[in-house]
There are 4 protein chains.
Amino acid sequence: MKAFVYRGPGKKALEERPRPEIAAPTDAIVKIVKTTICGTDLHILKGDVPTCQPGRILGHEGVGIVDKVGPAVTTFKPGDRVLISCVSACGKCVYCRKQMFSHCTTGGWILGNSIDGTQAEFVRTPHADTSLYPILEGADEEALVMLSDILPTGFECGVLNGKVQPGCTVAIIGAGPVGLAALLTAQFFSPAEIIVIDLDDNRLEMAKRFGATTGINSADGSAVEMVMKMTGKRGVDTAIEAVGIPATFEMCEQIVAPGGTIANIGVHGTQVALHLERLWDRNISITTRLVDTATIPMLFKTVESHKIDPKLLITHHFKLDKILEAYETFGNAAKTKALKVIIEA
Amino acid sequence: MKAFVYRGPGKKALEERPRPEIAAPTDAIVKIVKTTICGTDLHILKGDVPTCQPGRILGHEGVGIVDKVGPAVTTFKPGDRVLISCVSACGKCVYCRKQMFSHCTTGGWILGNSIDGTQAEFVRTPHADTSLYPILEGADEEALVMLSDILPTGFECGVLNGKVQPGCTVAIIGAGPVGLAALLTAQFFSPAEIIVIDLDDNRLEMAKRFGATTGINSADGSAVEMVMKMTGKRGVDTAIEAVGIPATFEMCEQIVAPGGTIANIGVHGTQVALHLERLWDRNISITTRLVDTATIPMLFKTVESHKIDPKLLITHHFKLDKILEAYETFGNAAKTKALKVIIEA
Amino acid sequence: MKAFVYRGPGKKALEERPRPEIAAPTDAIVKIVKTTICGTDLHILKGDVPTCQPGRILGHEGVGIVDKVGPAVTTFKPGDRVLISCVSACGKCVYCRKQMFSHCTTGGWILGNSIDGTQAEFVRTPHADTSLYPILEGADEEALVMLSDILPTGFECGVLNGKVQPGCTVAIIGAGPVGLAALLTAQFFSPAEIIVIDLDDNRLEMAKRFGATTGINSADGSAVEMVMKMTGKRGVDTAIEAVGIPATFEMCEQIVAPGGTIANIGVHGTQVALHLERLWDRNISITTRLVDTATIPMLFKTVESHKIDPKLLITHHFKLDKILEAYETFGNAAKTKALKVIIEA
Amino acid sequence: MKAFVYRGPGKKALEERPRPEIAAPTDAIVKIVKTTICGTDLHILKGDVPTCQPGRILGHEGVGIVDKVGPAVTTFKPGDRVLISCVSACGKCVYCRKQMFSHCTTGGWILGNSIDGTQAEFVRTPHADTSLYPILEGADEEALVMLSDILPTGFECGVLNGKVQPGCTVAIIGAGPVGLAALLTAQFFSPAEIIVIDLDDNRLEMAKRFGATTGINSADGSAVEMVMKMTGKRGVDTAIEAVGIPATFEMCEQIVAPGGTIANIGVHGTQVALHLERLWDRNISITTRLVDTATIPMLFKTVESHKIDPKLLITHHFKLDKILEAYETFGNAAKTKALKVIIEA
């Protein structure tokens, strides 16, 4: 089968690989219908993710059709259409029992990382019963690809952890795909204001189309001042960090109101300065989270009932044999204005 | 009347001062029966608290007898015995309506800070109806002095924010009075393990008598390793920071389990390094809080029903005219083994 | 001044009455700009509310202009435009400290009940600082009249108690004004389905215009069966009772899913049968609540930011001197299709 | 093997039966070490539980040693010592994913009900990975038998649902084994008062030894009056119903304070009168629950750390071949003073 393979820092290839086989009784083999590329895949290609070794088929998102199931799989059978969670969950361990699937002792984010992933014609999915989700007849499968990772990430790490509620004021720092996913899902809770901050006017325009009430370009260094002015010097109830660098996290520290929350989504590569000399008495919370995808069933229902349109995030389409081109487009988002690209297998 | 007065960095005096008068219709004048000294008072004396100016009567804790009330005070009348909260709360502002009394727009921690405090024969308490608490006939008033500040601080900032629950594992870094207050109140929720970490073996001994299941002296640098070993490499569910320096906060970052909470109590004077490069995917929460004293009514009930013995924290007694000696004793805790000292007015 | 007065069961009059005066230092006198009529006022007129004695000026909703304030009022001054909560709250008592303003020991629902109310040119409002809410310049005051009672009632008793959340299924039994208020505010949380059940097709039509996904006329006795069919025999996550009779409450018992909630809003005059023989093992919650209006500040923000349009509930307008006609219209809602009627003073 | 078998209403027998075999890949066969008898078993014997048919081996509690495992079982291997939950949970279905194991679509309470149970030498346990719990070396297995059903039932249905918290006032109606289990586990949260109400002075004495602050014999009809007097006419924060008849549930309705909770544990065979005409405006919650045993891991930790002594509930011991005698003793608790009886297999 065709598969997109990481070949070491800076190297990648579309290769011919053998089809995966059932390895444990709880496995399923899924024929991929549509998949996509994540920002994390770009990090892997740079060599930033040591758990992912050369030779690995990348990809941890997608929808497909169950091809084979192991003898212990009871929820799915060949022919079932399924959504693949980016997180594999055994459903049994101490973390899974708390819905903290991200830390499953035999799962977590392993697809396209420590085991082969979804950017291929077929994928082996471990713990199938608790890591795949049934797709209803007639559902828009392209929209559902967004439920593998990006929407639950924005929703769980940003919106739920950030305790967004009716009438509150939210700031989202970073209007890339995951920041926009937080923006879309924040609206489930009817906040009064959603301020989006970014360096790219094009993305801020998009954010406004997606429901931001204010867009602030932080290039001139006045973003903090503007937010404080807009909020009567109080700051925001929820500050969502969706970039992953010290400057943006520290911006969150400056704009969070007393009693508010900083919800981190960004993947950080270095420490940040936590200004406890200013924050120790401000009654704030800071949260971090690797997406658990525990909200996929809830998100399915919001998509079915048209409370959210995940397709807003999809900007480009490619066939699997053009995946190198898809990576080019996705990797040059500033120029191509790409958010999420769909790969049809 | 006699009053203990801050006279600028390094200077203090027991002085004769005029009795306070009612200044607003919601004020009360309280005759002090017993008060105490807080670690914060020592910070003021060093000149570390810019809101507190020379000439200020210190003290924000105590029990007393209502002497006079303003015309709008409806809950108390002269002769009532009361506990004075360290936090004054108007009960009306946006913060008070959320029980975030610490940030009351016309109150908060003002006693012995921006207005005269309780280390005197009388004190004016603003917003009396919502800042004083009735003491029942026959209650042990000395024990109740601990409810002005130290017990709610340990409980709200450490235990409640730290989400301590039955069967969980708690670490408390710092076995000073506030760490011990967290230790006492953590036991309301029956955690399985309470590990206390400090540099002073005497305090660790005391912590064990107060209910710690393990005491670790961190002087040799092995505390993190020991905690990880005790918890099967998982770390603790709740790490309570009760010191206020970067080293102890960063120790909390190292020992918190995935899904756990770091609850900061310490007053920090400088930034700390937040290792998001290691914590971004650990699903943790970090909380800060200036005590709101919203739990004083709950704490009253736990004292009345003997669920906690606050007098464990009291090591010394002085008369008000010996308050300079009381400060000496409290200020040299390493030598005197002082925790809380009672000043009788 | 002109005032609408309850004169004993079945009797009412528009009378000339003296203007109210400040009686306590925390009182304000408010000049009424707009008020409205509540279903409860009709109950009073029938003689069903024993706390309300003949001679009482009715009304517990409205917006107005502060005319005078007592010496202890610090938040408002003459000339301020304010919203009047239907619940008076001292902000000091054990219930107010829990945000359970409905049970304030010196307040609660007293306006137009045990003290004179708002269907007059002026009203005395006790505990003004914690029972009035400032109206921002330029706000639509007519819309805000809905925040005195009906919207917080639907929201607090129905939606918040009912734990409505994204993607869930809600049933609202009763499409009168309060059921519709629950319907409007339930949408803050993006449920997937909102099924409204009533006997009146006109009201069901209105419910669909207000956001119901399904309307069911329960006249033919098949409502329970239809709901179970729609939900795959599981039932609804949240069943909101907005009528107040045994039949509708027991319908909620039949349609609530395992793990779901029955949130009662209805005012009940008689006991209902609780079928514990069927429900004891269903892991359900049942809640009751007299509105606390603790969410008025949150609701203000949702109105300002256009997350909700309270004016949808307003069907008729009258001047104060035509209030008898207004009562006629409101009392014959089946014929007049009245929801809320605005009275301009 | 020997097994205790239900033979139709009023009939029971100790019989020789074939050993159970693995039937599904997720099954385990467990050799029973110790089991016990539940009040529900008595109901079955009377013919009150239609899902349980004649010929069934009873019992849904116990500890044992894993004898065989199906090919999909990964957590346990032969020789492991385990606790058997009374609830079988697949870990995959919509209910299991919410920790509502009691409603597992292929499990729930099936042991000793719709499939053969634990009052035998061996038992087949379905969904073994998520329905058995490992027992640590050196643990007191007799104490742990109480974790199969009775302690999680008292804790989940009574204490957690009842929102018991430090300083609050709890009433427990019914001092049978499950009421006493609620009493023991309520103390995890340090309530100020625990009032136990029963008709049997012997049980009330026992309740006091187990930590009740007050025991009230309700035989003379003054229990409600006494509770209201003790609570200053306010009532209790939490009323736990642990009997299962209308009179005791309605007593809870009478003693619950505004803002309080009625947590039902009792198995009810008939409807009760819910006095909404009195309760609609009291801001109360009523909860029902079939035990999920989701707290077994937490309870394990409280037992290991000596926060609770489950053996207090054990009054008698029998060998399996004397199980008919054990049923006699347990069935005549008023005379024998039996709480829980241990059966050694």
# chains A, B, ... in the order shown; residues from 1 in each chain; ligands from 1
$ residues_around --residues "Thr261 in chain A" --least-positions-apart "5" --cutoff "6 Å" --atoms "only C-alpha atoms" --output "count of residues only"
5
$ closest_atom_pairs --of "chain A" --to "chain C" --cutoff "8 Å" --atoms "only C-alpha atoms" --output "Markdown table"
| residue | atom | partner | partner_atom | distance |
| --- | --- | --- | --- | --- |
| A:Pro166 | CA | C:Phe188 | CA | 6.3 |
| A:Gly167 | CA | C:Lys301 | CA | 4.8 |
| A:Cys168 | CA | C:Lys301 | CA | 7.6 |
| A:Phe188 | CA | C:Ser190 | CA | 5.2 |
| A:Phe189 | CA | C:Phe189 | CA | 4.9 |
| A:Ser190 | CA | C:Phe188 | CA | 5.2 |
| A:Pro191 | CA | C:Thr302 | CA | 7.5 |
| A:Ala192 | CA | C:Ser305 | CA | 5.2 |
| A:Glu193 | CA | C:Ser305 | CA | 7.4 |
| A:Met298 | CA | C:Gly167 | CA | 5.4 |
| A:Leu299 | CA | C:Gly167 | CA | 6.9 |
| A:Phe300 | CA | C:Gly167 | CA | 7.8 |
| A:Lys301 | CA | C:Gly167 | CA | 4.8 |
| A:Thr302 | CA | C:Gly167 | CA | 4.9 |
| A:Glu304 | CA | C:Ala192 | CA | 7.8 |
| A:Ser305 | CA | C:Ala192 | CA | 5.2 |
| A:Lys307 | CA | C:Ser190 | CA | 6.5 |
$ write_last_selection --atoms "N, CA, C and O atoms" --output "mmCIF file, in the first residue's frame"
data_model
loop_
_atom_site.group_PDB
_atom_site.id
_atom_site.type_symbol
_atom_site.label_atom_id
_atom_site.label_comp_id
_atom_site.auth_asym_id
_atom_site.auth_seq_id
_atom_site.Cartn_x
_atom_site.Cartn_y
_atom_site.Cartn_z
ATOM 1 N N PRO A 166 -21.291 31.379 29.713
ATOM 2 C CA PRO A 166 -22.080 32.446 29.116
ATOM 3 C C PRO A 166 -21.703 33.826 29.663
ATOM 4 O O PRO A 166 -21.564 33.997 30.882
ATOM 5 N N GLY A 167 -21.536 34.778 28.776
ATOM 6 C CA GLY A 167 -21.288 36.154 29.178
ATOM 7 C C GLY A 167 -19.853 36.472 29.535
ATOM 8 O O GLY A 167 -19.529 37.630 29.814
ATOM 9 N N CYS A 168 -18.964 35.487 29.517
ATOM 10 C CA CYS A 168 -17.585 35.765 29.936
ATOM 11 C C CYS A 168 -16.759 36.332 28.781
ATOM 12 O O CYS A 168 -17.229 36.431 27.642
ATOM 13 N N PHE A 188 -19.810 27.284 21.883
ATOM 14 C CA PHE A 188 -20.814 26.400 22.505
ATOM 15 C C PHE A 188 -21.341 27.003 23.804
ATOM 16 O O PHE A 188 -22.439 26.661 24.233
ATOM 17 N N PHE A 189 -20.533 27.837 24.468
ATOM 18 C CA PHE A 189 -20.891 28.332 25.796
ATOM 19 C C PHE A 189 -21.270 29.813 25.802
ATOM 20 O O PHE A 189 -21.378 30.412 26.869
ATOM 21 N N SER A 190 -21.435 30.404 24.626
ATOM 22 C CA SER A 190 -21.956 31.772 24.513
ATOM 23 C C SER A 190 -21.199 32.825 25.317
ATOM 24 O O SER A 190 -21.799 33.626 26.034
ATOM 25 N N PRO A 191 -19.879 32.880 25.197
ATOM 26 C CA PRO A 191 -19.168 33.980 25.853
ATOM 27 C C PRO A 191 -19.577 35.308 25.202
ATOM 28 O O PRO A 191 -19.998 35.334 24.040
ATOM 29 N N ALA A 192 -19.453 36.384 25.971
ATOM 30 C CA ALA A 192 -19.821 37.705 25.433
ATOM 31 C C ALA A 192 -18.773 38.214 24.451
ATOM 32 O O ALA A 192 -19.096 38.811 23.423
ATOM 33 N N GLU A 193 -17.511 38.011 24.780
ATOM 34 C CA GLU A 193 -16.421 38.523 23.939
ATOM 35 C C GLU A 193 -15.412 37.427 23.689
ATOM 36 O O GLU A 193 -15.047 36.711 24.624
ATOM 37 N N MET A 298 -19.496 13.820 22.419
ATOM 38 C CA MET A 298 -20.203 15.093 22.533
ATOM 39 C C MET A 298 -20.049 15.920 21.252
ATOM 40 O O MET A 298 -21.019 16.491 20.746
ATOM 41 N N LEU A 299 -18.838 15.957 20.717
ATOM 42 C CA LEU A 299 -18.604 16.751 19.517
ATOM 43 C C LEU A 299 -19.372 16.182 18.320
ATOM 44 O O LEU A 299 -19.894 16.932 17.495
ATOM 45 N N PHE A 300 -19.473 14.867 18.236
ATOM 46 C CA PHE A 300 -20.284 14.251 17.187
ATOM 47 C C PHE A 300 -21.695 14.838 17.202
ATOM 48 O O PHE A 300 -22.251 15.204 16.180
ATOM 49 N N LYS A 301 -22.266 14.919 18.418
ATOM 50 C CA LYS A 301 -23.651 15.401 18.516
ATOM 51 C C LYS A 301 -23.766 16.872 18.143
ATOM 52 O O LYS A 301 -24.756 17.301 17.567
ATOM 53 N N THR A 302 -22.735 17.655 18.449
ATOM 54 C CA THR A 302 -22.807 19.076 18.068
ATOM 55 C C THR A 302 -22.663 19.240 16.564
ATOM 56 O O THR A 302 -23.228 20.165 15.990
ATOM 57 N N GLU A 304 -23.648 16.844 14.296
ATOM 58 C CA GLU A 304 -24.921 16.345 13.733
ATOM 59 C C GLU A 304 -26.034 17.376 13.844
ATOM 60 O O GLU A 304 -26.896 17.459 12.983
ATOM 61 N N SER A 305 -26.020 18.132 14.935
ATOM 62 C CA SER A 305 -27.100 19.099 15.160
ATOM 63 C C SER A 305 -26.727 20.499 14.683
ATOM 64 O O SER A 305 -27.402 21.473 14.999
ATOM 65 N N LYS A 307 -24.446 22.632 15.422
ATOM 66 C CA LYS A 307 -24.039 23.686 16.349
ATOM 67 C C LYS A 307 -22.658 24.204 15.978
ATOM 68 O O LYS A 307 -22.198 25.217 16.506
#
$ closest_residue --among "B:Asn264, B:Thr329, B:Thr270, B:Ser148" --to "Leu290 in chain B" --atoms "only C-alpha atoms"
B:Asn264
$ residues_around --residues "Thr35 in chain C" --least-positions-apart "2" --cutoff "7 Å" --atoms "only C-alpha atoms" --output "PyMOL selection string"
chain C and resi 33+61-63+118-119+145+342-344
$ residues_around --residues "Cys93 in chain C" --least-positions-apart "6" --cutoff "10 Å" --atoms "only C-alpha atoms" --output "ChimeraX atom specification"
/B:75,129-130 /C:99-101,103-107
$ residues_around --residues "Lys34 in chain C" --least-positions-apart "3" --cutoff "12 Å" --atoms "only C-alpha atoms" --output "PDB file with C-alpha atoms, in the first residue's frame"
ATOM      1  CA  VAL C  30     -36.959  53.861  42.452  1.00  0.00           C
ATOM      2  CA  LYS C  31     -39.143  55.688  39.936  1.00  0.00           C
ATOM      3  CA  ILE C  37     -46.987  41.187  35.009  1.00  0.00           C
ATOM      4  CA  GLY C  59     -45.333  43.642  40.909  1.00  0.00           C
ATOM      5  CA  HIS C  60     -41.787  42.353  41.401  1.00  0.00           C
ATOM      6  CA  GLU C  61     -40.201  43.170  38.046  1.00  0.00           C
ATOM      7  CA  GLY C  62     -39.097  46.354  36.361  1.00  0.00           C
ATOM      8  CA  VAL C  63     -36.544  48.953  35.406  1.00  0.00           C
ATOM      9  CA  GLY C  64     -36.458  52.474  36.752  1.00  0.00           C
ATOM     10  CA  ILE C  65     -34.490  55.501  37.870  1.00  0.00           C
ATOM     11  CA  ARG C  81     -30.916  53.753  35.858  1.00  0.00           C
ATOM     12  CA  VAL C  82     -31.446  50.346  37.438  1.00  0.00           C
ATOM     13  CA  LEU C  83     -32.915  46.914  37.003  1.00  0.00           C
ATOM     14  CA  ILE C  84     -34.929  45.652  39.981  1.00  0.00           C
ATOM     15  CA  THR C 118     -43.352  47.716  41.249  1.00  0.00           C
ATOM     16  CA  GLN C 119     -46.698  48.117  39.493  1.00  0.00           C
ATOM     17  CA  ALA C 120     -46.774  51.759  40.542  1.00  0.00           C
ATOM     18  CA  GLU C 121     -45.001  55.022  39.807  1.00  0.00           C
ATOM     19  CA  PHE C 122     -42.482  54.497  42.600  1.00  0.00           C
ATOM     20  CA  VAL C 123     -41.277  51.567  44.665  1.00  0.00           C
ATOM     21  CA  ASP C 140     -32.554  48.489  25.712  1.00  0.00           C
ATOM     22  CA  GLU C 141     -34.500  48.822  28.944  1.00  0.00           C
ATOM     23  CA  GLU C 142     -37.535  47.006  27.675  1.00  0.00           C
ATOM     24  CA  ALA C 143     -35.466  43.892  27.036  1.00  0.00           C
ATOM     25  CA  LEU C 144     -33.933  44.196  30.479  1.00  0.00           C
ATOM     26  CA  VAL C 145     -37.323  44.004  32.222  1.00  0.00           C
ATOM     27  CA  MET C 146     -37.125  40.293  31.324  1.00  0.00           C
ATOM     28  CA  SER C 148     -35.970  40.839  36.782  1.00  0.00           C
ATOM     29  CA  HIS C 317     -47.504  47.185  25.587  1.00  0.00           C
ATOM     30  CA  PHE C 318     -49.685  49.261  27.928  1.00  0.00           C
ATOM     31  CA  LYS C 319     -49.452  52.510  29.874  1.00  0.00           C
ATOM     32  CA  LEU C 320     -49.719  52.203  33.645  1.00  0.00           C
ATOM     33  CA  ILE C 323     -52.912  48.197  33.645  1.00  0.00           C
ATOM     34  CA  VAL C 341     -46.735  42.527  28.553  1.00  0.00           C
ATOM     35  CA  ILE C 342     -44.797  45.740  29.154  1.00  0.00           C
ATOM     36  CA  ILE C 343     -46.370  48.379  31.421  1.00  0.00           C
ATOM     37  CA  GLU C 344     -44.936  51.869  30.978  1.00  0.00           C
ATOM     38  CA  ALA C 345     -45.162  53.986  34.108  1.00  0.00           C
TER      39      ALA C 345
END
$ select_by_dssp --residues "range 64-305 of chain C" --states "helix (DSSP H, G or I)" --output "ChimeraX atom specification"
/C:96-98,101-103,128-131,141-147,150-160,177-189,201-209,218-220,223-230,246-255,276-279,296-304
$ residues_around --residues "Leu180 in chain A" --least-positions-apart "5" --cutoff "12 Å" --atoms "only C-alpha atoms" --output "PyMOL selection string"
chain A and resi 146+150-155+158-159+171-175+185-187+194-198+203-212+240-243+265+309-314+339-340
$ select_by_dssp --residues "range 48-145 of chain A" --states "strand (DSSP E or B)" --output "ChimeraX atom specification"
/A:57,62-69,81-84,88,108,111,115,120,122-125,132-134
$ write_last_selection --atoms "N, CA and C atoms" --output "CSV table (one decimal), in the first residue's frame"
chain,number,residue,atom,x,y,z
A,57,ILE,N,5.4,5.5,9.5
A,57,ILE,CA,4.3,6.1,8.7
A,57,ILE,C,3.7,7.1,9.6
A,62,GLY,N,-8.1,10.8,11.0
A,62,GLY,CA,-8.7,10.3,9.8
A,62,GLY,C,-10.1,9.5,10.0
A,63,VAL,N,-10.8,9.3,8.9
A,63,VAL,CA,-11.9,8.5,8.9
A,63,VAL,C,-11.7,7.3,8.0
A,64,GLY,N,-12.4,6.2,8.2
A,64,GLY,CA,-12.1,5.1,7.3
A,64,GLY,C,-13.2,4.0,7.4
A,65,ILE,N,-12.9,2.8,6.9
A,65,ILE,CA,-13.8,1.7,6.9
A,65,ILE,C,-13.1,0.5,7.5
A,66,VAL,N,-13.7,-0.1,8.5
A,66,VAL,CA,-13.1,-1.2,9.2
A,66,VAL,C,-12.9,-2.3,8.2
A,67,ASP,N,-11.7,-2.9,8.2
A,67,ASP,CA,-11.4,-3.9,7.2
A,67,ASP,C,-11.3,-5.3,7.9
A,68,LYS,N,-10.7,-5.3,9.1
A,68,LYS,CA,-10.6,-6.5,9.9
A,68,LYS,C,-10.6,-6.2,11.3
A,69,VAL,N,-11.1,-7.1,12.2
A,69,VAL,CA,-11.0,-6.8,13.6
A,69,VAL,C,-10.4,-8.1,14.3
A,81,ARG,N,-18.1,2.2,9.1
A,81,ARG,CA,-17.4,3.4,8.9
A,81,ARG,C,-17.0,4.0,10.3
A,82,VAL,N,-15.8,4.5,10.4
A,82,VAL,CA,-15.3,4.9,11.8
A,82,VAL,C,-14.5,6.2,11.7
A,83,LEU,N,-14.5,6.9,12.8
A,83,LEU,CA,-13.6,8.0,13.0
A,83,LEU,C,-12.4,7.4,13.9
A,84,ILE,N,-11.2,7.8,13.6
A,84,ILE,CA,-10.1,7.3,14.4
A,84,ILE,C,-9.6,8.5,15.3
A,88,SER,N,-5.0,6.6,21.4
A,88,SER,CA,-5.5,5.2,21.6
A,88,SER,C,-5.6,5.0,23.1
A,108,GLY,N,-2.4,6.3,24.5
A,108,GLY,CA,-2.1,7.7,24.4
A,108,GLY,C,-1.8,8.0,22.9
A,111,LEU,N,-0.2,6.7,17.6
A,111,LEU,CA,-0.4,6.6,16.1
A,111,LEU,C,0.4,7.6,15.4
A,115,ILE,N,4.0,4.0,16.7
A,115,ILE,CA,3.5,3.0,15.8
A,115,ILE,C,3.0,3.7,14.5
A,120,ALA,N,-1.8,6.7,5.0
A,120,ALA,CA,-1.5,5.5,4.3
A,120,ALA,C,-2.9,4.9,3.8
A,122,PHE,N,-4.0,1.9,4.7
A,122,PHE,CA,-4.5,1.2,5.8
A,122,PHE,C,-3.8,1.5,7.1
A,123,VAL,N,-4.4,1.3,8.2
A,123,VAL,CA,-3.7,1.5,9.5
A,123,VAL,C,-4.2,0.5,10.5
A,124,ARG,N,-3.3,0.1,11.3
A,124,ARG,CA,-3.7,-0.8,12.4
A,124,ARG,C,-4.0,0.1,13.6
A,125,THR,N,-5.2,0.0,14.2
A,125,THR,CA,-5.6,0.8,15.4
A,125,THR,C,-5.7,-0.1,16.6
A,132,LEU,N,-11.9,3.9,18.4
A,132,LEU,CA,-12.6,4.3,17.2
A,132,LEU,C,-14.0,4.7,17.6
A,133,TYR,N,-14.7,5.5,16.7
A,133,TYR,CA,-16.0,5.9,16.9
A,133,TYR,C,-16.9,5.7,15.7
A,134,PRO,N,-18.1,5.1,15.9
A,134,PRO,CA,-18.9,4.8,14.7
A,134,PRO,C,-19.4,6.1,14.0
$ atom_distance --atom1 "CA of Asp200 in chain C" --atom2 "CA of Ser222 in chain C"
14.8 Å
$ atom_distance --atom1 "CA of Ala338 in chain B" --atom2 "CA of Asp41 in chain B"
14.9 Å
$ residues_around --residues "Gly91 in chain C" --least-positions-apart "2" --cutoff "6 Å" --atoms "only C-alpha atoms" --output "list in words"
Gly91 of chain B; Ala89 and Cys96 of chain C
$ write_last_selection --atoms "N, CA and C atoms" --output "PDB file, in the first residue's frame"
ATOM      1  N   GLY B  91     -19.329  42.717  50.533  1.00  0.00           N
ATOM      2  CA  GLY B  91     -20.505  41.888  50.253  1.00  0.00           C
ATOM      3  C   GLY B  91     -21.302  42.333  49.045  1.00  0.00           C
TER       4      GLY B  91
ATOM      5  N   ALA C  89     -32.044  40.899  48.478  1.00  0.00           N
ATOM      6  CA  ALA C  89     -30.973  40.123  49.118  1.00  0.00           C
ATOM      7  C   ALA C  89     -30.132  41.040  49.982  1.00  0.00           C
ATOM      8  N   CYS C  96     -27.497  34.332  51.691  1.00  0.00           N
ATOM      9  CA  CYS C  96     -26.905  35.253  50.707  1.00  0.00           C
ATOM     10  C   CYS C  96     -25.434  34.924  50.463  1.00  0.00           C
TER      11      CYS C  96
END
$ closest_residue --among "A:Val224, A:Ile22, A:Val267, A:Ala182" --to "Arg282 in chain B" --atoms "only C-alpha atoms"
A:Val267
